[in-house]
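Participant: mmCIF, C-alpha atoms and all ligand atoms, saved as protein-v1.cif, coming up:
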```
data_input
#
loop_
_atom_site.label_atom_id
_atom_site.label_comp_id
_atom_site.auth_asym_id
_atom_site.auth_seq_id
_atom_site.Cartn_x
_atom_site.Cartn_y
_atom_site.Cartn_z
CA MET U 15 6.88 -9.74 14.62
CA LEU U 16 7.80 -6.55 12.82
CA ASN U 17 4.67 -5.55 10.90
CA VAL U 18 5.07 -2.45 8.77
CA VAL U 19 2.22 -0.69 6.96
CA ILE U 20 3.63 1.35 4.10
CA PHE U 21 1.20 4.09 3.23
CA GLY U 22 0.89 6.95 0.77
CA ALA U 23 -0.84 8.24 -2.35
CA PRO U 24 -0.61 6.36 -5.66
CA GLY U 25 2.95 6.79 -6.91
CA SER U 26 4.33 7.76 -3.51
CA GLY U 27 6.90 4.95 -3.64
CA LYS U 28 5.21 2.22 -1.57
CA GLY U 29 6.18 -0.59 -3.94
CA THR U 30 9.63 0.86 -4.54
CA GLN U 31 10.49 1.28 -0.84
CA SER U 32 8.91 -2.10 0.04
CA GLU U 33 11.42 -3.92 -2.18
CA LEU U 34 14.31 -2.26 -0.31
CA ILE U 35 12.77 -2.91 3.14
CA ILE U 36 12.34 -6.60 2.33
CA LYS U 37 16.03 -6.92 1.42
CA GLU U 38 17.23 -5.00 4.48
CA TYR U 39 14.96 -6.52 7.14
CA GLY U 40 14.00 -9.92 5.65
CA LEU U 41 10.28 -9.25 5.89
CA ASP U 42 7.55 -10.92 3.85
CA HIS U 43 5.76 -8.66 1.39
CA ILE U 44 2.02 -8.42 0.85
CA SER U 45 1.07 -5.99 -1.91
CA THR U 46 -2.67 -6.03 -2.54
CA GLY U 47 -2.06 -4.29 -5.89
CA ASP U 48 0.31 -7.10 -6.98
CA VAL U 49 -2.09 -9.81 -5.77
CA LEU U 50 -4.96 -8.19 -7.69
CA ARG U 51 -2.89 -7.81 -10.86
CA ALA U 52 -1.96 -11.53 -10.64
CA GLU U 53 -5.67 -12.40 -10.31
CA ILE U 54 -6.43 -10.27 -13.37
CA LYS U 55 -3.66 -11.97 -15.36
CA GLY U 56 -4.93 -15.38 -14.25
CA GLN U 57 -8.46 -14.39 -15.39
CA THR U 58 -9.99 -15.56 -12.09
CA GLU U 59 -13.44 -14.47 -10.90
CA LEU U 60 -11.84 -12.02 -8.43
CA GLY U 61 -9.56 -10.76 -11.21
CA ARG U 62 -12.50 -10.03 -13.49
CA ILE U 63 -14.26 -8.03 -10.77
CA ALA U 64 -11.07 -6.21 -9.69
CA ASP U 65 -10.17 -5.24 -13.26
CA ASP U 66 -13.37 -3.25 -13.56
CA TYR U 67 -12.56 -1.14 -10.49
CA ILE U 68 -8.81 -0.75 -11.08
CA SER U 69 -9.12 0.45 -14.68
CA LYS U 70 -11.50 3.19 -13.46
CA GLY U 71 -9.12 4.18 -10.64
CA GLN U 72 -11.57 3.04 -7.94
CA LEU U 73 -10.96 0.84 -4.92
CA VAL U 74 -11.94 -2.81 -5.05
CA PRO U 75 -14.74 -3.41 -2.45
CA ASP U 76 -13.56 -3.97 1.14
CA GLU U 77 -15.15 -7.44 1.58
CA LEU U 78 -13.23 -8.84 -1.39
CA ILE U 79 -9.93 -7.30 -0.32
CA ILE U 80 -10.23 -8.31 3.35
CA ASP U 81 -11.07 -11.89 2.42
CA MET U 82 -8.16 -12.01 -0.03
CA LEU U 83 -5.78 -10.53 2.56
CA ALA U 84 -6.77 -13.08 5.23
CA LYS U 85 -5.90 -15.93 2.85
CA VAL U 86 -2.53 -14.42 1.94
CA LEU U 87 -1.74 -13.76 5.62
CA ASP U 88 -2.41 -17.39 6.49
CA SER U 89 0.26 -18.40 3.99
CA LYS U 90 2.85 -16.30 5.92
CA LYS U 91 2.46 -17.96 9.33
CA GLU U 92 6.18 -18.63 9.81
CA SER U 93 7.14 -15.09 8.91
CA LYS U 94 9.29 -12.86 11.16
CA GLY U 95 7.30 -9.88 9.96
CA VAL U 96 5.26 -8.55 7.07
CA ILE U 97 5.26 -5.37 5.06
CA PHE U 98 1.72 -4.40 4.07
CA ASP U 99 1.95 -2.44 0.81
CA GLY U 100 -1.25 -0.78 -0.41
CA PHE U 101 -3.32 -2.22 2.44
CA PRO U 102 -5.18 -0.89 4.35
CA ARG U 103 -6.70 1.77 2.10
CA THR U 104 -9.93 2.39 4.07
CA ILE U 105 -10.89 2.54 7.75
CA PRO U 106 -12.80 -0.81 7.59
CA GLN U 107 -9.67 -2.40 6.09
CA ALA U 108 -7.52 -0.95 8.91
CA LYS U 109 -9.90 -2.31 11.54
CA ALA U 110 -9.97 -5.72 9.82
CA LEU U 111 -6.16 -5.80 9.72
CA LYS U 112 -5.91 -5.04 13.43
CA LYS U 113 -8.41 -7.83 14.19
CA MET U 114 -6.61 -10.34 11.95
CA LEU U 115 -3.22 -9.56 13.47
CA ASN U 116 -4.54 -9.55 17.05
CA GLU U 117 -6.11 -12.98 16.45
CA ARG U 118 -2.64 -14.17 15.42
CA GLY U 119 -1.08 -12.68 18.59
CA THR U 120 0.54 -9.69 16.90
CA ASP U 121 -0.22 -6.11 15.76
CA VAL U 122 0.90 -3.36 13.39
CA SER U 123 4.32 -2.14 14.59
CA VAL U 124 4.44 1.09 12.59
CA MET U 125 2.68 2.91 9.77
CA LEU U 126 5.08 4.78 7.48
CA ASN U 127 3.34 7.60 5.64
CA LEU U 128 5.25 8.60 2.48
CA GLU U 129 4.42 12.27 1.88
CA VAL U 130 4.86 13.41 -1.74
CA GLU U 131 3.66 16.52 -3.57
CA GLU U 132 0.77 15.94 -5.99
CA GLU U 133 2.56 17.16 -9.14
CA GLU U 134 5.44 14.76 -8.44
CA LEU U 135 2.97 11.86 -8.01
CA ILE U 136 1.40 12.57 -11.40
CA GLN U 137 4.79 12.82 -13.13
CA ARG U 138 6.01 9.52 -11.61
CA LEU U 139 2.86 7.64 -12.61
CA LEU U 140 2.80 9.07 -16.15
CA LYS U 141 6.45 8.06 -16.52
CA ARG U 142 5.69 4.53 -15.29
CA GLY U 143 2.70 4.44 -17.67
CA GLU U 144 5.06 4.78 -20.65
CA ILE U 145 6.45 1.31 -19.91
CA SER U 146 4.15 -0.49 -17.43
CA GLY U 147 1.20 -1.25 -19.69
CA ARG U 148 -0.95 -0.79 -16.55
CA SER U 149 -4.55 0.13 -17.33
CA ASP U 150 -4.54 2.69 -14.49
CA ASP U 151 -1.35 4.64 -15.36
CA ASN U 152 -2.97 7.26 -17.64
CA LEU U 153 -3.82 10.87 -16.75
CA GLU U 154 -7.60 10.43 -16.43
CA THR U 155 -7.33 7.36 -14.18
CA ILE U 156 -4.47 8.85 -12.17
CA LYS U 157 -6.73 11.83 -11.34
CA SER U 158 -9.52 9.49 -10.16
CA ARG U 159 -7.01 7.51 -8.08
CA LEU U 160 -5.83 10.72 -6.41
CA ASP U 161 -9.45 11.76 -5.67
CA VAL U 162 -10.16 8.33 -4.19
CA TYR U 163 -6.97 8.60 -2.15
CA HIS U 164 -7.95 12.00 -0.68
CA ASN U 165 -11.54 10.93 0.09
CA GLN U 166 -11.18 7.33 1.27
CA THR U 167 -7.55 6.59 2.10
CA ALA U 168 -6.00 9.79 3.52
CA PRO U 169 -8.33 9.69 6.62
CA LEU U 170 -6.37 6.61 7.71
CA LYS U 171 -3.60 8.93 8.82
CA ASP U 172 -5.74 10.08 11.75
CA TYR U 173 -6.66 6.47 12.58
CA TYR U 174 -2.98 5.53 12.94
CA VAL U 175 -2.16 8.75 14.80
CA THR U 176 -4.79 7.72 17.38
CA GLU U 177 -3.30 4.21 17.48
CA GLU U 178 0.12 5.87 18.06
CA LYS U 179 1.62 4.05 15.07
CA HIS U 180 1.91 6.91 12.57
CA THR U 181 5.32 8.11 11.31
CA ALA U 182 5.57 10.70 8.54
CA ILE U 183 8.34 10.15 5.98
CA LYS U 184 9.36 12.86 3.52
CA GLY U 185 8.82 11.00 0.23
CA MET U 186 10.48 13.57 -2.06
CA GLY U 187 14.09 13.10 -3.22
CA THR U 188 16.02 10.12 -4.53
CA ILE U 189 14.97 6.55 -3.76
CA ASP U 190 18.10 6.10 -1.60
CA GLU U 191 17.52 9.31 0.36
CA ILE U 192 13.95 8.22 1.13
CA PHE U 193 15.08 4.71 2.06
CA ALA U 194 17.55 6.17 4.59
CA ARG U 195 14.61 7.97 6.26
CA VAL U 196 12.56 4.76 6.19
CA CYS U 197 15.36 2.78 7.88
CA GLU U 198 15.74 5.44 10.56
CA ALA U 199 12.02 5.14 11.36
CA ILE U 200 12.07 1.33 11.45
CA ASN U 201 15.24 1.17 13.55
CA ALA U 202 13.64 3.52 16.06
CA ILE U 203 10.90 0.99 16.85
CA LYS U 204 12.92 -2.22 16.64
P1 LIG E 301 -1.16 -0.34 -6.08
O1 LIG E 301 -0.53 -1.42 -6.83
O2 LIG E 301 -1.02 -0.35 -4.60
O3 LIG E 301 -0.56 0.94 -6.78
P2 LIG E 301 -0.09 2.39 -6.47
O4 LIG E 301 -0.61 2.94 -5.17
O5 LIG E 301 -0.43 3.13 -7.69
O6 LIG E 301 1.48 2.26 -6.49
P3 LIG E 301 2.72 2.52 -5.58
O7 LIG E 301 2.54 3.69 -4.65
O8 LIG E 301 3.15 1.22 -4.98
O9 LIG E 301 3.74 2.89 -6.74
P4 LIG E 301 5.25 3.25 -6.53
O10 LIG E 301 5.18 4.51 -5.76
O11 LIG E 301 6.07 2.16 -6.04
O12 LIG E 301 -2.73 -0.24 -6.41
C1 LIG E 301 -3.28 -0.25 -7.71
C2 LIG E 301 -4.82 -0.34 -7.66
O13 LIG E 301 -5.23 -1.61 -7.08
C3 LIG E 301 -5.54 0.71 -6.79
O14 LIG E 301 -5.77 1.93 -7.49
C4 LIG E 301 -6.87 -0.02 -6.45
O15 LIG E 301 -7.78 0.04 -7.50
C5 LIG E 301 -6.44 -1.48 -6.29
N1 LIG E 301 -6.12 -1.80 -4.87
C6 LIG E 301 -4.88 -2.14 -4.39
N2 LIG E 301 -4.96 -2.34 -3.05
C7 LIG E 301 -6.26 -2.12 -2.68
C8 LIG E 301 -6.95 -2.13 -1.44
N3 LIG E 301 -6.31 -2.41 -0.29
N4 LIG E 301 -8.27 -1.85 -1.42
C9 LIG E 301 -8.94 -1.58 -2.56
N5 LIG E 301 -8.34 -1.53 -3.77
C10 LIG E 301 -7.00 -1.79 -3.85
O16 LIG E 301 5.76 3.56 -7.95
C11 LIG E 301 5.35 4.62 -8.77
C12 LIG E 301 6.44 5.02 -9.73
O17 LIG E 301 7.27 6.00 -9.14
C13 LIG E 301 7.36 3.88 -10.14
O18 LIG E 301 7.57 3.94 -11.52
C14 LIG E 301 8.66 4.16 -9.40
O19 LIG E 301 9.81 3.71 -10.07
C15 LIG E 301 8.64 5.66 -9.28
N6 LIG E 301 9.32 6.16 -8.09
C16 LIG E 301 9.23 5.65 -6.83
N7 LIG E 301 9.99 6.39 -5.98
C17 LIG E 301 10.54 7.41 -6.72
C18 LIG E 301 11.41 8.50 -6.41
N8 LIG E 301 11.86 8.74 -5.19
N9 LIG E 301 11.74 9.34 -7.42
C19 LIG E 301 11.30 9.13 -8.69
N10 LIG E 301 10.50 8.09 -9.04
C20 LIG E 301 10.12 7.25 -8.07
#
```
Mind converting the file's structure to structure tokens?
Facilitator:
Amino acid sequence: MLNVVIFGAPGSGKGTQSELIIKEYGLDHISTGDVLRAEIKGQTELGRIADDYISKGQLVPDELIIDMLAKVLDSKKESKGVIFDGFPRTIPQAKALKKMLNERGTDVSVMLNLEVEEEELIQRLLKRGEISGRSDDNLETIKSRLDVYHNQTAPLKDYYVTEEKHTAIKGMGTIDEIFARVCEAINAIK
């Protein structure tokens, strides 16, 4: 299986590049952000809890996310590979992912780290906020999300460097230019 973790700060292009990767490589897509937003829309118990964290720009607690991810992963058993978009975001989530994949006889193939300058991240998210209606695409919440990213998520880079899975991708430029770099990285491990 080709299992790709797409990683980066909020607004780095994870969702955008994931859509293109799915089309090119026929992978299944698991976006924890999308799953959580669907739970919020459906007004489920998980959705109610998640909404509280997301609107403040904080991470939803690991136990809830890991449990949710395990259920989604079980629905992709026949898959030829999965793109993990927005997961893992903490070291415990990364360790849980490794365990879950190992138990299913597979592992993370590569972690693609989209590197984007902070001012560009803010501009992209503010622009999306004009049309998305997302409760977390406003300046105050974007700043909290970036703080959370630096404190809790960025350390995952070192985890994947140690696992020898880390590949840095320059995430500045047009969507097509970035996608060409992404394909080069995926083709190198296939
Ligand atoms: P996510 O849905 O994962 O949101 P994100 O990181 O903000 O978005 P992404 O990085 O995918 O955005 P993209 O660049 O595609 O998470 C939302 C929230 O859910 C989190 O803050 C957290 O609270 C919670 N959550 C999710 N997963 C969790 C987990 N594992 N653990 C705990 N909590 C979790 O798009 C940004 C914009 O940039 C778009 O408008 C796009 O069109 C634009 N763009 C993309 N590439 C561009 C380019 N090259 N040039 C110009 N614009 C570009």
Participant: With all atoms listed in the file as the counted atoms, please give the residues lying no more than 8 Å from range 191-201 of chain U, apart from itself and same-chain residues fewer than 5 positions off, as a list of chain:residue names.
Facilitator: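 These residues fall inside the cut-off: U:Gln31, U:Leu34, U:Ile35, U:Val124, U:Leu126, U:Thr181, U:Ile183, U:Lys184, U:Gly185, U:Met186.
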Participant: Find the residues around Phe21 in chain U up to 8 Å (all atoms listed in the file counted), leave out those fewer than 6 positions away in its own chain, and share them as a VMD selection string.
Facilitator: chain U and resid 28 99 to 101 125 to 128
Participant: Would you mind reading off the distance between CA of Gly143 in chain U and CA of His164 in chain U, one decimal, in Å?
Facilitator: 21.4 Å
Participant: In terms of the shortest atom-to-atom distance over all atoms listed in the file, which of U:Gly29, U:Glu177, U:Leu16, U:Lys157 is closest to Lys109 in chain U?
Facilitator: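 Counting all atoms listed in the file, the residue closest to Lys109 in chain U is U:Glu177.
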Participant: Using Å and a single decimal, report how far CA of Gly27 in chain U sits from CA of Ser69 in chain U.
Facilitator: 20.0 Å
Participant: What residues have any atom no more than 7 Å from ligand LIG 301 (chain E) when counting all atoms listed in the file, and can you list them as an NGL selection string?
Facilitator: :U and (22-31 or 45-48 or 50 or 67-68 or 71-76 or 79 or 99-103 or 138-139 or 141-142 or 159 or 185-189 or 192)
Participant: For Val86 in chain U, please output as a list in words all residues within 12 Å (counting only C-alpha atoms; exclusion window: fewer than 3 positions along the same chain).
Facilitator: Asp42, His43, Ile44, Ser45, Thr46, Asp48, Val49, Leu50, Ile79, Ile80, Asp81, Met82, Leu83, Ser89, Lys90, Lys91, Ser93, Val96, Phe98 and Met114 of chain U
Participant: Report, in Å to a single decimal, how far apart CA of Gln137 in chain U and CA of Asp151 in chain U are.
Facilitator: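 Computing the Euclidean distance for CA of Asp151 in chain U and CA of Gln137 in chain U yields 10.5 Å.
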Participant: Smallest atom-to-atom distance to Asp65 in chain U: which of U:Ile105, U:Ile203, U:Ala52, U:Leu140, using only C-alpha atoms?
Facilitator: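 The closest residue to Asp65 in chain U is U:Ala52.
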Participant: List as a list in words the protein and nucleic acid residues near Leu170 in chain U, meaning an atom at most 8 Å away when all atoms listed in the file are counted, but skip any in the same chain fewer than 2 places from it.
Facilitator: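 In the requested form, the answer reads Arg103, Thr104, Ile105, Ala108, Thr167, Ala168, Asp172, Tyr173 and Tyr174 of chain U.
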